[in-house]
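Structure file start_39.csv (CSV, C-alpha atoms) follows.
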chain,number,residue,atom,x,y,z
Z,922,MET,CA,-72.2,37.6,52.1
Z,923,GLU,CA,-73.9,35.2,54.6
Z,924,PHE,CA,-71.0,35.6,57.1
Z,925,PHE,CA,-72.0,39.2,57.7
Z,926,LYS,CA,-75.8,38.6,57.8
Z,927,LYS,CA,-76.1,36.0,60.6
Z,928,THR,CA,-74.6,35.8,64.1
Z,929,LEU,CA,-71.8,33.2,64.1
Z,930,ASP,CA,-71.9,30.4,66.7
Z,931,PRO,CA,-69.3,31.4,69.3
Z,932,VAL,CA,-68.2,27.8,69.6
Z,933,VAL,CA,-67.2,27.9,65.9
Z,934,ALA,CA,-65.6,31.3,66.2
Z,935,LEU,CA,-63.6,30.3,69.3
Z,936,ALA,CA,-62.5,27.0,67.7
Z,937,ALA,CA,-61.2,29.0,64.7
Z,938,ILE,CA,-59.4,31.5,67.0
Z,939,ALA,CA,-57.9,28.5,68.9
Z,940,VAL,CA,-56.4,27.0,65.7
Z,941,LEU,CA,-55.0,30.4,64.8
Z,942,ASP,CA,-53.7,30.9,68.3
Z,943,ILE,CA,-51.8,27.6,68.0
Z,944,PHE,CA,-50.2,29.0,64.8
Z,945,MET,CA,-49.2,32.1,66.8
Z,946,PHE,CA,-47.8,30.0,69.6
Z,947,VAL,CA,-45.5,28.2,67.2
Z,948,SER,CA,-44.5,31.4,65.3
Z,949,LEU,CA,-44.3,34.1,68.0
Z,950,GLY,CA,-46.2,33.4,71.2
Z,951,ALA,CA,-49.8,32.7,72.3
Z,952,TRP,CA,-52.5,35.4,72.1
Z,953,THR,CA,-52.2,38.0,74.8
Z,954,VAL,CA,-53.6,41.4,75.3
Z,955,GLY,CA,-52.4,43.3,78.4
Z,956,GLY,CA,-48.8,43.7,77.3
Z,957,GLY,CA,-49.8,45.6,74.2
Z,958,GLU,CA,-52.0,48.0,76.2
Z,959,THR,CA,-49.2,48.5,78.7
Z,960,MET,CA,-46.8,49.4,75.9
Z,961,MET,CA,-49.4,51.8,74.4
Z,962,THR,CA,-49.8,53.4,77.9
Z,963,GLY,CA,-46.0,53.9,78.0
Z,964,LEU,CA,-45.8,55.3,74.5
Z,965,ALA,CA,-48.7,57.7,75.2
Z,966,ALA,CA,-47.2,58.8,78.6
Z,967,GLN,CA,-43.9,59.3,76.8
Z,968,ALA,CA,-45.6,61.5,74.2
Z,969,VAL,CA,-47.5,63.5,76.8
Z,970,LEU,CA,-44.9,63.8,79.6
Z,971,GLY,CA,-41.7,63.5,77.7
Z,972,ALA,CA,-39.1,60.7,77.8
Z,973,GLU,CA,-37.1,62.3,80.6
Z,974,THR,CA,-40.1,62.6,82.9
Z,975,LEU,CA,-41.2,59.1,82.2
Z,976,GLN,CA,-37.8,57.7,83.1
Z,977,ARG,CA,-38.2,58.9,86.6
Z,978,LEU,CA,-40.5,56.0,87.0
Z,979,PRO,CA,-38.3,52.9,87.1
Z,980,PHE,CA,-41.3,50.7,85.9
Z,981,TRP,CA,-40.8,52.1,82.4
Z,982,GLN,CA,-37.1,51.1,82.4
Z,983,LEU,CA,-37.1,47.8,84.3
Z,984,VAL,CA,-40.5,46.3,83.3
Z,985,PHE,CA,-41.6,47.9,80.1
Z,986,GLN,CA,-39.4,50.1,78.0
Z,987,PRO,CA,-41.7,52.0,75.5
Z,988,ASP,CA,-41.1,50.4,72.1
Z,989,PRO,CA,-43.5,51.0,69.1
Z,990,THR,CA,-42.3,47.8,67.4
Z,991,TYR,CA,-43.6,45.6,70.3
Z,992,TRP,CA,-45.7,43.0,68.4
Z,993,LYS,CA,-48.4,42.7,71.0
Z,994,ILE,CA,-49.5,46.3,70.4
Z,995,TYR,CA,-50.6,45.2,66.9
Z,996,ILE,CA,-52.8,42.3,68.1
Z,997,SER,CA,-54.9,44.9,70.0
Z,998,LEU,CA,-55.0,47.3,67.0
Z,999,GLY,CA,-55.9,44.4,64.8
Z,1000,MET,CA,-58.8,43.5,67.1
Z,1001,LEU,CA,-60.0,47.1,66.8
Z,1002,THR,CA,-59.7,46.9,63.0
Z,1003,GLY,CA,-61.5,43.5,62.9
Z,1004,GLY,CA,-64.3,44.8,65.1
Z,1005,LEU,CA,-64.7,47.9,62.9
Z,1006,LEU,CA,-64.6,45.8,59.7
Z,1007,GLY,CA,-67.1,43.3,61.0
Z,1008,ALA,CA,-69.5,46.1,62.2
Z,1009,LEU,CA,-69.2,48.0,58.9
Z,1010,LEU,CA,-69.7,45.0,56.6
Z,1011,SER,CA,-72.6,43.7,58.6
Z,1012,LYS,CA,-74.1,47.2,58.9
Z,1013,GLU,CA,-74.0,47.1,62.7
Z,1014,PHE,CA,-71.7,50.1,63.2
Z,1015,ARG,CA,-73.4,52.9,65.1
Z,1016,TRP,CA,-72.2,55.4,67.7
Z,1017,ARG,CA,-73.7,54.6,71.0
Z,1018,ALA,CA,-73.0,55.6,74.6
Z,1019,PRO,CA,-74.2,54.6,78.1
Z,1020,ARG,CA,-77.2,56.7,79.1
Z,1021,ARG,CA,-77.1,56.4,82.8
Z,1022,LEU,CA,-74.5,58.1,85.1
Z,1023,THR,CA,-74.3,54.8,87.0
Z,1024,ASP,CA,-73.0,53.1,83.9
Z,1025,TRP,CA,-70.3,55.7,83.4
Z,1026,VAL,CA,-69.2,55.4,87.0
Z,1027,LEU,CA,-69.1,51.6,86.8
Z,1028,ILE,CA,-67.2,51.6,83.5
Z,1029,THR,CA,-64.7,54.1,85.0
Z,1030,ILE,CA,-64.1,52.0,88.1
Z,1031,GLY,CA,-64.1,48.8,86.1
Z,1032,GLY,CA,-61.6,50.1,83.6
Z,1033,LEU,CA,-59.3,51.3,86.4
Z,1034,MET,CA,-59.5,48.0,88.1
Z,1035,MET,CA,-58.8,46.1,84.9
Z,1036,GLY,CA,-55.7,48.2,84.3
Z,1037,ILE,CA,-54.4,47.8,87.8
Z,1038,GLY,CA,-55.2,44.1,87.9
Z,1039,ILE,CA,-53.4,43.4,84.6
Z,1040,ARG,CA,-50.2,45.0,85.7
Z,1041,LEU,CA,-50.2,43.5,89.1
Z,1042,ALA,CA,-50.7,40.0,87.7
Z,1043,PHE,CA,-48.6,40.5,84.5
Z,1044,VAL,CA,-51.5,38.8,82.7
Z,1045,CYS,CA,-55.1,39.5,81.6
Z,1046,ASN,CA,-58.1,37.3,80.9
Z,1047,VAL,CA,-56.8,36.4,77.5
Z,1048,SER,CA,-53.4,35.1,78.7
Z,1049,THR,CA,-55.2,33.3,81.5
Z,1050,PHE,CA,-57.6,31.3,79.3
Z,1051,PHE,CA,-55.9,31.3,75.9
Z,1052,GLY,CA,-52.2,31.2,76.9
Z,1053,LEU,CA,-51.1,30.2,80.4
Z,1054,THR,CA,-53.7,27.6,81.3
Z,1055,PRO,CA,-53.4,25.7,78.0
Z,1056,GLU,CA,-49.6,25.8,78.4
Z,1057,MET,CA,-50.3,24.3,81.8
Z,1058,ASN,CA,-48.5,27.2,83.5
Z,1059,LEU,CA,-48.9,27.4,87.2
Z,1060,GLY,CA,-49.7,31.1,86.7
Z,1061,GLY,CA,-52.7,30.1,84.6
Z,1062,TYR,CA,-54.3,28.1,87.5
Z,1063,LEU,CA,-53.5,31.0,90.0
Z,1064,SER,CA,-55.0,33.4,87.5
Z,1065,ILE,CA,-58.2,31.4,87.0
Z,1066,THR,CA,-58.6,31.2,90.8
Z,1067,GLY,CA,-58.4,35.0,91.0
Z,1068,ILE,CA,-60.6,35.8,88.0
Z,1069,VAL,CA,-63.4,33.4,88.9
Z,1070,ALA,CA,-63.4,34.7,92.5
Z,1071,GLY,CA,-63.3,38.3,91.2
Z,1072,ALA,CA,-66.1,37.7,88.6
Z,1073,TRP,CA,-68.2,36.2,91.3
Z,1074,VAL,CA,-67.8,39.2,93.6
Z,1075,GLY,CA,-68.3,41.5,90.6
Z,1076,SER,CA,-71.5,39.6,89.7
Z,1077,LEU,CA,-72.8,40.0,93.3
Z,1078,ILE,CA,-72.1,43.8,93.1
Z,1079,TYR,CA,-73.7,43.9,89.6
Z,1080,LYS,CA,-76.7,42.0,90.8
Z,1081,LYS,CA,-77.2,44.4,93.7
Z,1082,ILE,CA,-77.0,47.4,91.3
Z,1083,LEU,CA,-79.5,45.7,88.9
Z,1084,GLU,CA,-81.9,45.1,91.7
Z,1085,GLY,CA,-81.3,48.5,93.4
O,1430,MET,CA,-38.6,36.9,62.0
O,1431,SER,CA,-38.0,40.7,61.8
O,1432,ALA,CA,-39.8,43.1,64.1
O,1433,ILE,CA,-41.9,44.4,61.2
O,1434,GLY,CA,-42.8,40.8,60.3
O,1435,GLN,CA,-43.8,40.1,63.9
O,1436,CYS,CA,-46.0,43.3,63.9
O,1437,LEU,CA,-47.7,42.4,60.6
O,1438,LEU,CA,-48.4,38.8,61.7
O,1439,ALA,CA,-49.8,40.1,65.0
O,1440,PHE,CA,-52.0,42.6,63.3
O,1441,PHE,CA,-53.3,40.0,60.9
O,1442,PHE,CA,-54.1,37.6,63.7
O,1443,GLY,CA,-55.7,40.4,65.8
O,1444,THR,CA,-57.9,41.5,62.8
O,1445,ILE,CA,-59.2,37.9,62.3
O,1446,VAL,CA,-59.8,37.6,66.0
O,1447,GLY,CA,-61.7,40.9,66.1
O,1448,LEU,CA,-63.8,39.9,63.1
O,1449,LEU,CA,-64.7,36.5,64.6
O,1450,VAL,CA,-65.5,38.0,68.0
O,1451,GLN,CA,-67.6,40.8,66.4
O,1452,ARG,CA,-69.6,38.3,64.3
O,1453,SER,CA,-70.1,35.8,67.1
O,1454,ARG,CA,-70.7,38.3,70.0
O,1455,PHE,CA,-68.3,36.3,72.1
O,1456,CYS,CA,-67.5,37.9,75.4
O,1457,ASN,CA,-65.2,36.5,78.1
O,1458,THR,CA,-66.9,38.6,80.8
O,1459,ALA,CA,-70.2,37.0,79.8
O,1460,ALA,CA,-68.6,33.6,79.8
O,1461,LEU,CA,-68.1,33.9,83.6
O,1462,ARG,CA,-70.8,36.5,84.6
O,1463,ASP,CA,-73.7,34.9,82.7
O,1464,ALA,CA,-72.9,31.4,84.0
O,1465,MET,CA,-72.8,32.7,87.6
O,1466,LEU,CA,-75.7,35.1,87.5
O,1467,PHE,CA,-78.1,33.8,84.9
O,1468,LYS,CA,-77.1,30.1,84.4
O,1469,SER,CA,-76.6,30.8,80.7
O,1470,TYR,CA,-73.6,29.1,79.2
O,1471,ARG,CA,-73.4,30.3,75.5
O,1472,ASN,CA,-70.0,31.9,76.0
O,1473,THR,CA,-68.8,29.5,78.6
O,1474,LYS,CA,-69.0,26.6,76.2
O,1475,ALA,CA,-67.1,28.5,73.5
O,1476,LEU,CA,-64.4,29.4,76.0
O,1477,LEU,CA,-64.1,25.7,77.1
O,1478,VAL,CA,-63.9,24.4,73.5
O,1479,ALA,CA,-61.1,26.9,72.7
O,1480,MET,CA,-59.2,25.8,75.9
O,1481,ILE,CA,-59.5,22.1,75.0
O,1482,ILE,CA,-58.1,22.7,71.4
O,1483,LEU,CA,-55.4,25.0,72.8
O,1484,THR,CA,-54.3,22.6,75.5
O,1485,ILE,CA,-53.9,19.7,73.0
O,1486,GLY,CA,-52.2,22.0,70.4
O,1487,PHE,CA,-49.8,23.8,72.8
O,1488,THR,CA,-48.7,20.7,74.7
O,1489,GLY,CA,-48.5,18.7,71.4
O,1490,PHE,CA,-46.0,21.2,70.0
O,1491,ILE,CA,-44.2,21.5,73.3
O,1492,SER,CA,-43.7,17.7,73.2
O,1493,ILE,CA,-41.8,18.0,69.9
O,1494,GLY,CA,-39.7,21.0,71.2
O,1495,GLU,CA,-41.7,23.6,69.3
O,1496,GLY,CA,-43.7,26.6,70.4
O,1497,ASN,CA,-43.0,29.7,72.5
O,1498,PRO,CA,-44.6,29.1,76.0
O,1499,MET,CA,-44.6,32.1,78.3
O,1500,SER,CA,-41.9,32.0,80.9
O,1501,PHE,CA,-42.0,34.1,84.0
O,1502,ASP,CA,-42.2,33.6,87.7
O,1503,VAL,CA,-45.7,33.5,89.2
O,1504,GLY,CA,-47.0,34.1,92.6
O,1505,LEU,CA,-49.7,35.7,94.8
O,1506,ASN,CA,-49.8,38.7,92.5
O,1507,GLN,CA,-51.6,36.5,89.8
O,1508,ILE,CA,-54.4,35.7,92.3
O,1509,ILE,CA,-54.8,39.2,93.6
O,1510,GLY,CA,-54.3,40.9,90.2
O,1511,LEU,CA,-56.9,38.7,88.4
O,1512,PHE,CA,-59.3,39.0,91.4
O,1513,ILE,CA,-59.2,42.8,91.0
O,1514,PHE,CA,-59.4,42.4,87.2
O,1515,GLY,CA,-62.4,40.0,87.5
O,1516,ILE,CA,-64.4,42.5,89.5
O,1517,GLY,CA,-63.4,45.3,87.1
O,1518,MET,CA,-64.4,43.4,84.0
O,1519,VAL,CA,-67.9,42.6,85.4
O,1520,LEU,CA,-68.4,46.2,86.5
O,1521,ALA,CA,-67.2,47.6,83.1
O,1522,GLY,CA,-69.2,44.9,81.3
O,1523,ALA,CA,-66.3,44.1,79.0
O,1524,CYS,CA,-62.9,42.4,79.1
O,1525,THR,CA,-59.7,43.3,77.2
O,1526,VAL,CA,-61.0,41.8,74.0
O,1527,SER,CA,-64.5,43.1,73.9
O,1528,THR,CA,-63.4,46.6,74.8
O,1529,TRP,CA,-61.4,46.7,71.6
O,1530,VAL,CA,-64.0,45.0,69.4
O,1531,LYS,CA,-66.9,47.1,70.8
O,1532,SER,CA,-64.8,50.2,70.3
O,1533,GLY,CA,-64.6,49.2,66.7
O,1534,GLU,CA,-68.4,49.0,66.6
O,1535,GLY,CA,-68.7,52.6,67.8
O,1536,ASP,CA,-69.3,51.9,71.5
O,1537,VAL,CA,-68.2,55.0,73.4
O,1538,GLY,CA,-68.6,53.2,76.7
O,1539,ALA,CA,-66.0,50.6,75.6
O,1540,MET,CA,-63.6,53.4,74.5
O,1541,TRP,CA,-64.1,54.9,78.0
O,1542,ALA,CA,-63.3,51.6,79.6
O,1543,LEU,CA,-60.1,51.3,77.5
O,1544,LEU,CA,-59.0,54.8,78.4
O,1545,PHE,CA,-59.4,54.0,82.1
O,1546,THR,CA,-57.6,50.7,81.7
O,1547,PHE,CA,-54.7,52.7,80.3
O,1548,ILE,CA,-54.9,55.1,83.3
O,1549,GLY,CA,-55.1,52.2,85.7
O,1550,MET,CA,-51.9,50.8,84.2
O,1551,PHE,CA,-50.2,54.1,84.5
O,1552,LEU,CA,-51.2,54.5,88.1
O,1553,TYR,CA,-49.9,51.0,88.8
O,1554,SER,CA,-46.6,51.8,87.1
O,1555,MET,CA,-46.3,54.6,89.7
O,1556,LEU,CA,-47.1,52.3,92.6
O,1557,TRP,CA,-44.6,49.7,91.2
O,1558,SER,CA,-41.9,52.3,91.0
O,1559,ALA,CA,-42.3,52.9,94.8
O,1560,ASN,CA,-42.3,49.2,96.0
O,1561,TYR,CA,-40.9,47.1,93.1
O,1562,TRP,CA,-43.4,44.3,93.6
O,1563,PRO,CA,-44.0,41.9,92.0
O,1564,PRO,CA,-40.3,41.4,90.9
O,1565,ALA,CA,-39.3,42.7,87.5
O,1566,PRO,CA,-38.7,40.0,84.8
O,1567,ALA,CA,-34.9,40.6,84.9
O,1568,SER,CA,-34.8,39.5,88.5
O,1569,MET,CA,-36.9,36.3,88.1
O,1570,THR,CA,-35.0,33.1,88.6
O,1571,GLY,CA,-37.6,30.4,88.0
O,1572,ALA,CA,-37.2,29.2,91.6
O,1573,PRO,CA,-39.6,30.0,94.5
O,1574,ASN,CA,-38.9,33.3,96.2
O,1575,LEU,CA,-41.3,33.2,99.2
O,1576,GLU,CA,-40.0,36.5,100.5
O,1577,ALA,CA,-41.4,38.2,97.4
O,1578,LEU,CA,-44.5,35.8,97.4
O,1579,GLN,CA,-43.3,34.1,94.2
O,1580,PHE,CA,-43.7,30.4,93.6
O,1581,GLY,CA,-41.3,30.2,90.6
O,1582,HIS,CA,-42.0,28.9,87.2
O,1583,ALA,CA,-43.7,25.7,86.0
O,1584,ASN,CA,-45.5,24.7,82.9
O,1585,ALA,CA,-46.0,21.7,80.5
O,1586,LYS,CA,-42.4,22.1,79.3
O,1587,THR,CA,-40.9,22.0,82.7
O,1588,LEU,CA,-43.1,19.0,83.6
O,1589,GLN,CA,-41.8,17.2,80.5
O,1590,GLU,CA,-38.2,18.0,81.4
O,1591,ARG,CA,-38.6,17.0,85.0
O,1592,PHE,CA,-40.5,13.8,84.6
O,1593,GLY,CA,-39.4,12.7,81.1
O,1594,ILE,CA,-43.0,12.3,80.1
O,1595,PRO,CA,-44.1,14.1,76.9
O,1596,ALA,CA,-46.1,17.2,77.6
O,1597,ILE,CA,-49.0,16.0,75.5
O,1598,VAL,CA,-49.7,13.3,78.2
O,1599,PHE,CA,-50.3,16.0,80.8
O,1600,GLY,CA,-52.2,18.0,78.1
O,1601,ILE,CA,-54.6,15.1,77.4
O,1602,GLY,CA,-55.3,14.9,81.2
O,1603,GLN,CA,-56.1,18.6,81.4
O,1604,ALA,CA,-58.2,18.4,78.2
O,1605,LEU,CA,-60.3,15.5,79.7
O,1606,VAL,CA,-61.0,17.6,82.8
O,1607,LEU,CA,-62.2,20.4,80.5
O,1608,VAL,CA,-64.3,18.0,78.5
O,1609,ALA,CA,-65.9,16.8,81.7
O,1610,ILE,CA,-66.8,20.4,82.6
O,1611,TYR,CA,-68.2,20.9,79.1
O,1612,ARG,CA,-70.4,17.8,79.4
O,1613,ALA,CA,-71.6,18.8,82.9
O,1614,ILE,CA,-72.7,22.1,81.3
O,1615,LEU,CA,-74.6,20.3,78.5
O,1616,ARG,CA,-76.3,18.1,81.2
O,1617,LYS,CA,-77.3,21.3,83.1
O,1618,GLU,CA,-78.7,22.8,79.9
O,1619,ARG,CA,-80.8,19.7,79.2
O,1620,GLN,CA,-82.1,19.8,82.7
O,1621,GLN,CA,-83.0,23.5,82.3
O,1622,GLN,CA,-84.8,22.7,79.0
O,1623,SER,CA,-86.8,19.8,80.4
O,1624,GLY,CA,-87.7,21.9,83.4
O,1625,THR,CA,-89.3,24.6,81.3

Using structure tokens, write down the structure from this file.
Amino acid sequence: MEFFKKTLDPVVALAAIAVLDIFMFVSLGAWTVGGGETMMTGLAAQAVLGAETLQRLPFWQLVFQPDPTYWKIYISLGMLTGGLLGALLSKEFRWRAPRRLTDWVLITIGGLMMGIGIRLAFVCNVSTFFGLTPEMNLGGYLSITGIVAGAWVGSLIYKKILEG
Amino acid sequence: MSAIGQCLLAFFFGTIVGLLVQRSRFCNTAALRDAMLFKSYRNTKALLVAMIILTIGFTGFISIGEGNPMSFDVGLNQIIGLFIFGIGMVLAGACTVSTWVKSGEGDVGAMWALLFTFIGMFLYSMLWSANYWPPAPASMTGAPNLEALQFGHANAKTLQERFGIPAIVFGIGQALVLVAIYRAILRKERQQQSGT
């Protein structure tokens, strides 16, 4: 099938995603990612630590009560499945891992910062660009300001590392 | 819609998104990083096109009383949180979407980034449990709360209610700004091509 042989133009892909996202907006709510991950974190922590221990942290009662039927979890699991399907059908699936220690350190720090940032802001990059801003939510404009400034600082650090 | 129906719809949507992102190699991190560092706009243009379509679509449905816009108080935490997130996504080389999609492609680095995103979220849940900031959704009122550095809630729906002007009018205004940015990028690309 041609779809799995050639790289798709991202403009076409994102236009299709936008149309689907409008359908989601009308049915459930716009595309978002961070909420699903937070719920997965809560469910994983509950499985490891036990419900009683987790309840000692008010966050997991007042902000996110672990609930496996939270629909946003399944958007993320769907993206994983879609990525896997696309890679398998296009014969692009292969196990790979960063080779340099620097990359592992950067990914670790970057991952931690993404997790902390999402929870502090209540939103991630997806909600910023594909939810809040198109809804003309004030939070979208505040988030864009933050993410552009952050990406700029991150790019400077990244450039230094590339050059160094 | 039942909870199971919601989960199935979300999974279907996510799967199509994952497939399209995998086949197009779209990356939100690259949309910002590559534009800033390398003056390359392949992903930035895709991001803008999606935002233009979404702005018209969302505000159009809001105008006729349809849709489910997000509703929560916003404040300084959005700027600080996304600033931290923005640095993190460039360092990790992936955003929330590409970590899932690349994990599906067998990228162990992306799986590692996801794991530490979860750990970061858990660490923040501990911090929040000590200072209760930003305010929990249940205590949000929609009005500014400067003591908690919150500006309240405003979106196309509240603009429509406040001014009696259909949300789509504001949406068209925003879409035109996005189109202007898109055209500026096309001009820049033409200049780059003529300069080589």

Between Z:Cys1045, Z:Val947, Z:Leu1053, Z:Val1026, which residue has the minimum interatomic distance to chain O, considering all atoms listed in the file?
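Among Z:Cys1045, Z:Val947, Z:Leu1053, Z:Val1026, it is Z:Val947 that comes nearest to chain O.
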
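By chain and then residue number, the residues within 10 Å of Ala1018 in chain Z are Asp1024 and Trp1025 of chain Z; Gly1535, Asp1536, Val1537, Gly1538, Ala1539, Met1540 and Trp1541 of chain O, counting all atoms listed in the file and disregarding those fewer than 6 positions away in sequence.
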
Residue neighbourhood range 1059-1069 of chain Z, 7 Å, only C-alpha atoms, exclusion window fewer than 2 positions, as a CSV table (one decimal) with C-alpha atoms, in the frame of the given file:
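Final file, result.csv:
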chain,number,residue,atom,x,y,z
Z,1049,THR,CA,-55.2,33.3,81.5
Z,1053,LEU,CA,-51.1,30.2,80.4
Z,1054,THR,CA,-53.7,27.6,81.3
Z,1057,MET,CA,-50.3,24.3,81.8
Z,1071,GLY,CA,-63.3,38.3,91.2
Z,1072,ALA,CA,-66.1,37.7,88.6
Z,1073,TRP,CA,-68.2,36.2,91.3
O,1503,VAL,CA,-45.7,33.5,89.2
O,1507,GLN,CA,-51.6,36.5,89.8
O,1508,ILE,CA,-54.4,35.7,92.3
O,1509,ILE,CA,-54.8,39.2,93.6
O,1511,LEU,CA,-56.9,38.7,88.4
O,1512,PHE,CA,-59.3,39.0,91.4
O,1514,PHE,CA,-59.4,42.4,87.2
O,1515,GLY,CA,-62.4,40.0,87.5
O,1583,ALA,CA,-43.7,25.7,86.0
O,1584,ASN,CA,-45.5,24.7,82.9

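Put simply, CA of Tyr995 in chain Z is 21.1 Å away from CA of Ser1500 in chain O.
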
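In terms of minimum interatomic distance to Leu1483 in chain O, Z:Asp942 ranks closest within Z:Glu923, Z:Asp942, Z:Glu973, Z:Glu1084, counting all atoms listed in the file.
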
Env of Ser1554 in chain O: 8 Å cut, atoms = only C-alpha atoms, seq-sep filter 4 positions within chain, self excluded. Answer as a list of chain:residue names.
Z:Leu978, Z:Phe980, Z:Trp981, Z:Arg1040, O:Met1550, O:Ser1558

Restrict the calculation to all atoms listed in the file, then for each residue of range 1479-1568 of chain O with any atom at most 12 Å from an atom of range 927-937 of chain Z give the closest atom pair and their distance in Å to one decimal, rows by chain and rising residue number, as a Markdown table.
| residue | atom | partner | partner_atom | distance |
| --- | --- | --- | --- | --- |
| O:Ala1479 | CA | Z:Ala936 | CA | 5.2 |
| O:Met1480 | CA | Z:Ala936 | CA | 8.9 |
| O:Ile1481 | CA | Z:Ala936 | CA | 9.3 |
| O:Ile1482 | CA | Z:Ala936 | CA | 7.2 |
| O:Leu1483 | CA | Z:Ala936 | CA | 9.0 |
| O:Gly1486 | CA | Z:Ala936 | CA | 11.8 |

Give me, please, the distance in Å between CA of Lys1081 in chain Z and CA of Gly1038 in chain Z, quoted to one decimal.
22.8 Å

Is it possible to get the residues within 6 Å of (-46.5, 32.2, 94.9) (coordinates as in the file, counting all atoms listed in the file) written as a short mmCIF file (atom, residue, chain, number, x, y, z; two decimals) with C-alpha atoms, keeping the file's coordinate frame?
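And here's part-v2.cif as it stands now:
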data_model
loop_
_atom_site.label_atom_id
_atom_site.label_comp_id
_atom_site.auth_asym_id
_atom_site.auth_seq_id
_atom_site.Cartn_x
_atom_site.Cartn_y
_atom_site.Cartn_z
CA VAL O 1503 -45.70 33.50 89.20
CA GLY O 1504 -47.00 34.10 92.60
CA LEU O 1505 -49.70 35.70 94.80
CA LEU O 1578 -44.50 35.80 97.40
CA GLN O 1579 -43.30 34.10 94.20
CA PHE O 1580 -43.70 30.40 93.60
#

Counting all atoms listed in the file, what are the residues of range 1465-1551 of chain O within 8 Å of range 1602-1613 of chain O, and for each of them which pair of atoms is the nearest and at what distance in Å, to one decimal? Sort the table by chain and rising number, as a Markdown table.
| residue | atom | partner | partner_atom | distance |
| --- | --- | --- | --- | --- |
| O:Lys1474 | CA | O:Tyr1611 | CA | 6.4 |
| O:Leu1477 | CA | O:Leu1607 | CA | 6.6 |
| O:Val1478 | CA | O:Tyr1611 | CA | 7.9 |
| O:Met1480 | CA | O:Leu1607 | CA | 7.7 |
| O:Ile1481 | CA | O:Ala1604 | CA | 5.1 |
| O:Thr1484 | CA | O:Ala1604 | CA | 6.3 |
| O:Ile1485 | CA | O:Ala1604 | CA | 6.9 |

Neighbour list for Phe1547 in chain O as a PyMOL selection string, cut-off 12 Å, all atoms listed in the file, skip fewer than 4 positions in-chain:
(chain Z and resi 955-966+1029+1031-1040) or (chain O and resi 1525+1528+1540-1543+1551-1554)

With all atoms listed in the file as the basis for distance, which of O:Gln1451, O:Asn1574, O:Ser1492, O:Thr1473 is at the shortest distance from chain Z?
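Closest candidate: O:Gln1451.
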
Selected residue of minimal separation from Leu1438 in chain O among Z:Lys1012, Z:Tyr991, Z:Ile996, Z:Phe985, counting all atoms listed in the file:
Z:Ile996

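Taking CA of Asp988 in chain Z and CA of Val969 in chain Z as the two end points, the separation is 15.3 Å.
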
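In this comparison, which uses all atoms listed in the file, the residue of Z:Gly950, Z:Met1000, Z:Ala1070, Z:Phe1050 approaching Ala1475 in chain O most closely is Z:Phe1050.
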
Mind listing as an NGL selection string all residues within 9 Å of (-54.3, 41.6, 61.5), counting only C-alpha atoms?
(:Z and (995-996 or 998-1000 or 1002-1003)) or (:O and (1436-1447))

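If all atoms listed in the file are the atoms counted, then among O:Ala1572, O:Ile1513, O:Ser1469, O:Gly1494 the closest residue to chain Z is O:Ile1513.
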